[in-house]
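Student: I have a structure here, written as structure tokens, and I will follow up with some questions on it.
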Amino acid sequence: MAESGPGEKENEPGPGEKEEGAPARKKRRLAAGERYVPPPRRLSTGVSFGAEHFAETSYYFEGGLRKVRPYYYDFRTYCKGRWVGRSLLHVFSTEFRSQPLAYYRAAARAGRLRLNEEPVRDLDIVLKNNDFLRNTVHRHEPPVTAQPIQILAEDDEVVVVDKPSSLPVHPCGRFRHNTVIFILGKEHGLKELHTIHRLDRMTSGVLMFAKTVEVSKRIDEQVRERQLEKEYVCRVVGEFPEHQVVCEEPILVVSYKVGVCRVDPKGKFCKTVFQRLSYNGSSSVVKCLPRTGRTHQIRVHLQFLGHPIVNDPIYNMEAWGPQRGRGGKIDKTDEELLKALVEEHRSRQSLEILGISEEDLNSDAEGDAQDPRKDTEDPVSNDVAACPLNSDTDLETLEKSKKLGLCENRDEPTGANSEEKDPLCVECKITRRDPSPKELVMYLHALRYKGAEFEYCSKMPEWAREDWVE
């Protein structure tokens, strides 16, 4: 089941919505000192992404990774209710703290901040209801695996693919072009796709899209009626019991920003059925049948059972303590746990594996407490991606952007020497360690997706073979 994306509000253009043009200015006389605020743009439902979006930048491949050349992008939003009566300077200083105020002043001088399509000259300007804000940034995306997306089936109604690990399904957080939706649109000409279910970014496997709203609604009805089944396979630590294991521990979201959950009595009801397929003396291959669709459900339940996924970058970490969360024993507060997880990845220079950066961690933590996303009761949408948010998420509607110009020569074979540095961009001044392709693979795979009238399967991953050795 699809969830609403971060930052999408009732009067904001989000995925699937289009602006119908700039509002016409009212012909009335303004009082002295009065600032004109145009009426909200009318929105209409429509195609989420098209040629204009796909042309924002291009890919290049290097070291087994798919990379996106940096590009200019517009974050857009209408004035939030809590911003009314506050100055733009105050909003930036309290809600977008990953950048210093000096950055926003420089951005204003460079014409990258616009209010109601007029350049912002003074950050002390007081915001009003219906104000429309545009913030142009130089955007860098984390690399993902270069493994291609294999199309398993396609007809007039659906497209079914085998999603590689490390790829988000759709734009979220720091990812836009390095997503399944964008790659299918740009490289396979598959546009106007409707998400039926989602997989966590690090989870690979069968992923299904509808080609029309009607098909999406029909399959969604099957989801609500619990007529769909999904089967996963994973490789876990140790010798998993030979008999069937059913875990019904409730799961609570600890942090939307980092994307961490845990077993907790205050959490939501969950049920997962597990059956061991093989054991090679050190790790086991396990079949997983989720009966509910909570965030990271399979991964959290396996951790609770004492058999976390072998290379899980969240739930098989030392930060959880000596038992690594077995039996729900953590002996840390949520804040201590998050700090320990971040520090462990920071020491390994692997924050990018979590989909976050140092700048993300410096942003306002308020987003976790007020995140609007909810778990769905989709019994087959297990491990829905809780995409980590970034500092600009409240400005992002993940939709129509203005192409200001690209940062590279498209004829260059790679982006390493062809990118122009943006003087205001912090990312341009930072050299990050690229993850290895191996780091971008987690041993959890959606093997089968079955409905009343269809069944789609992928091949068993290489790491799931009975004789496989690390």
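Letters for chains follow the order of the structure tokens (A, B, ...), residue numbers begin at 1 for each chain, and ligand numbers begin at 1 in the order shown.
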Could you please write out, as a PyMOL selection string, every residue of stretch 63-152 of chain A that DSSP assigns to strand (DSSP E or B)?

Tutor: chain A and resi 65-68+71-78+87+113-115+118-119+126+132-139+144-145+150-152

Student: With C-alpha atoms kept, could you save the residues just selected as a PDB file, in the first residue's frame?

Tutor:
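Resulting contents of out16.pdb:
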ATOM      1  CA  LEU A  65      27.638   1.644  -8.662  1.00  0.00           C
ATOM      2  CA  ARG A  66      24.939   3.650 -10.393  1.00  0.00           C
ATOM      3  CA  LYS A  67      25.567   7.333  -9.759  1.00  0.00           C
ATOM      4  CA  VAL A  68      23.590  10.499 -10.458  1.00  0.00           C
ATOM      5  CA  TYR A  71      21.690  18.816 -10.506  1.00  0.00           C
ATOM      6  CA  TYR A  72      19.620  21.848  -9.568  1.00  0.00           C
ATOM      7  CA  TYR A  73      16.248  21.160  -8.024  1.00  0.00           C
ATOM      8  CA  ASP A  74      13.361  23.187  -6.630  1.00  0.00           C
ATOM      9  CA  PHE A  75      11.912  22.333  -3.235  1.00  0.00           C
ATOM     10  CA  ARG A  76       8.419  23.860  -3.089  1.00  0.00           C
ATOM     11  CA  THR A  77       5.809  24.351  -0.419  1.00  0.00           C
ATOM     12  CA  TYR A  78       2.933  26.522   0.630  1.00  0.00           C
ATOM     13  CA  SER A  87       9.679  35.599   9.525  1.00  0.00           C
ATOM     14  CA  LEU A 113      14.846  31.760  -2.708  1.00  0.00           C
ATOM     15  CA  ARG A 114      11.549  32.931  -4.152  1.00  0.00           C
ATOM     16  CA  LEU A 115       8.312  33.868  -2.405  1.00  0.00           C
ATOM     17  CA  GLU A 118       9.376  36.911  -6.537  1.00  0.00           C
ATOM     18  CA  PRO A 119      13.040  36.852  -5.418  1.00  0.00           C
ATOM     19  CA  VAL A 126       6.815  37.842   7.559  1.00  0.00           C
ATOM     20  CA  PHE A 132       4.279  29.921  -1.908  1.00  0.00           C
ATOM     21  CA  LEU A 133       7.973  29.285  -1.270  1.00  0.00           C
ATOM     22  CA  ARG A 134      10.528  27.942  -3.750  1.00  0.00           C
ATOM     23  CA  ASN A 135      14.050  26.981  -2.654  1.00  0.00           C
ATOM     24  CA  THR A 136      16.527  26.011  -5.387  1.00  0.00           C
ATOM     25  CA  VAL A 137      19.295  23.667  -4.265  1.00  0.00           C
ATOM     26  CA  HIS A 138      22.207  21.816  -5.816  1.00  0.00           C
ATOM     27  CA  ARG A 139      21.214  18.235  -5.206  1.00  0.00           C
ATOM     28  CA  VAL A 144      23.071   2.610  -5.526  1.00  0.00           C
ATOM     29  CA  THR A 145      24.024  -0.749  -6.969  1.00  0.00           C
ATOM     30  CA  GLN A 150      14.963  -7.004 -14.496  1.00  0.00           C
ATOM     31  CA  ILE A 151      11.414  -6.917 -15.891  1.00  0.00           C
ATOM     32  CA  LEU A 152       9.720 -10.181 -14.896  1.00  0.00           C
TER      33      LEU A 152
END

Student: With a distance cut-off of 12 Å and only C-alpha atoms, select the neighbouring residues of A:Gly325, excluding the residue or stretch itself and same-chain residues fewer than 6 positions from it, and output the selection as a ChimeraX atom specification.

Tutor: /A:261-264,299-308,314-319,331-332,337

Student: What are the closest atom pairs, with distances in Å to one decimal, for all residues of stretch 248-311 of chain A lying within 12 Å of stretch 188-207 of chain A? Consider only C-alpha atoms, order rows by chain and residue number, and present the result as a tab-separated table.

Tutor:
residue	atom	partner	partner_atom	distance
A:Gly259	CA	A:Asp200	CA	10.1
A:Val260	CA	A:Asp200	CA	11.9
A:Gly293	CA	A:His197	CA	9.9
A:Arg294	CA	A:Asp200	CA	10.9
A:Thr295	CA	A:Asp200	CA	8.2
A:His296	CA	A:Asp200	CA	7.4
A:Gln297	CA	A:Asp200	CA	10.4
A:Ile298	CA	A:Thr203	CA	10.7
A:Arg299	CA	A:Thr203	CA	10.2
A:Ile309	CA	A:Thr203	CA	11.3
A:Asn311	CA	A:Met202	CA	10.5

Student: Kindly export the residues of the current selection with N, CA, C and O atoms, as a short mmCIF file (atom, residue, chain, number, x, y, z; two decimals), in the first residue's frame.

Tutor:
data_model
loop_
_atom_site.label_atom_id
_atom_site.label_comp_id
_atom_site.auth_asym_id
_atom_site.auth_seq_id
_atom_site.Cartn_x
_atom_site.Cartn_y
_atom_site.Cartn_z
N GLY A 259 15.05 5.57 10.37
CA GLY A 259 14.39 4.38 9.89
C GLY A 259 14.68 3.19 10.78
O GLY A 259 15.29 2.20 10.35
N VAL A 260 14.24 3.27 12.04
CA VAL A 260 14.51 2.21 13.02
C VAL A 260 13.23 1.87 13.77
O VAL A 260 12.48 2.76 14.17
N GLY A 293 1.56 -5.87 7.51
CA GLY A 293 2.49 -5.09 6.70
C GLY A 293 3.14 -3.95 7.42
O GLY A 293 3.03 -2.81 7.00
N ARG A 294 3.81 -4.24 8.52
CA ARG A 294 4.47 -3.19 9.29
C ARG A 294 5.87 -2.89 8.75
O ARG A 294 6.52 -3.74 8.14
N THR A 295 6.33 -1.70 9.07
CA THR A 295 7.66 -1.28 8.65
C THR A 295 8.73 -2.20 9.25
O THR A 295 8.75 -2.43 10.45
N HIS A 296 9.59 -2.74 8.38
CA HIS A 296 10.72 -3.58 8.79
C HIS A 296 10.27 -4.81 9.59
O HIS A 296 11.02 -5.34 10.41
N GLN A 297 9.06 -5.27 9.35
CA GLN A 297 8.48 -6.34 10.16
C GLN A 297 9.34 -7.60 10.21
O GLN A 297 9.64 -8.13 11.29
N ILE A 298 9.73 -8.11 9.05
CA ILE A 298 10.52 -9.34 9.01
C ILE A 298 11.84 -9.14 9.75
O ILE A 298 12.25 -9.99 10.56
N ARG A 299 12.51 -8.05 9.49
CA ARG A 299 13.83 -7.80 10.08
C ARG A 299 13.74 -7.68 11.60
O ARG A 299 14.60 -8.20 12.34
N ILE A 309 19.09 -10.94 10.21
CA ILE A 309 19.64 -11.13 8.87
C ILE A 309 21.15 -10.88 8.93
O ILE A 309 21.62 -9.94 9.57
N ASN A 311 23.59 -9.65 7.20
CA ASN A 311 24.23 -8.36 6.91
C ASN A 311 23.26 -7.19 7.03
O ASN A 311 23.37 -6.21 6.29
#

Student: Skip A:Cys234 itself and residues of its chain fewer than 2 positions away, then list as an MDAnalysis selection string all residues within 12 Å of it, counting only C-alpha atoms.

Tutor: chainID A and resid 203:205 231:232 236:237 240 274:279 283:289 298:299 302 307:312 441:447 460:466

Student: Closest to A:Lys230 among A:Asp434, A:Glu141, A:Glu344, A:Glu455, using only C-alpha atoms?

Tutor: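 For A:Lys230, the nearest of the given residues is A:Glu455.
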
Student: For atom CA of A:Leu123 and atom CA of A:Gly81, determine how far apart the two atoms are, in Å to one decimal place.

Tutor: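 Answer for the atom CA of A:Leu123 to atom CA of A:Gly81 separation: 18.4 Å.
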
Student: Could you tell me, as a ChimeraX atom specification, which residues of stretch 45-123 of chain A DSSP assigns to helix (DSSP H, G or I) when given the backbone?

Tutor: /A:51-54,81-83,88-95,101-109

Student: So, counting only C-alpha atoms, which residue among A:Ser165, A:Pro290, A:Lys339, A:Phe175 is closest to A:Arg226?

Tutor: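 Going through A:Ser165, A:Pro290, A:Lys339, A:Phe175 one by one, the smallest distance to A:Arg226 is for A:Pro290.
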
Student: Which is closest to A:Phe49 among A:Arg35, A:Lys186, A:Lys266, A:Arg348, if we use only C-alpha atoms?

Tutor: A:Lys186

Student: Using only C-alpha atoms, pick whichever of A:Glu34, A:Leu228, A:His90, A:Gly64 has the shortest atom-to-atom distance to A:Pro148.

Tutor: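 Ranking A:Glu34, A:Leu228, A:His90, A:Gly64 by distance to A:Pro148, first place goes to A:Gly64.
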
Student: Rounded to one decimal in Å, what is the spacing between atom CA of A:Ile183 and atom CA of A:Phe54?

Tutor: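 About the pair atom CA of A:Ile183 and atom CA of A:Phe54: they are 8.7 Å apart.
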
Student: Could you please determine the separation between atom CA of A:Leu252 and atom CA of A:Gly238 in Å, to one decimal place?

Tutor: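 Atom-to-atom, atom CA of A:Leu252 to atom CA of A:Gly238, that is 25.6 Å.
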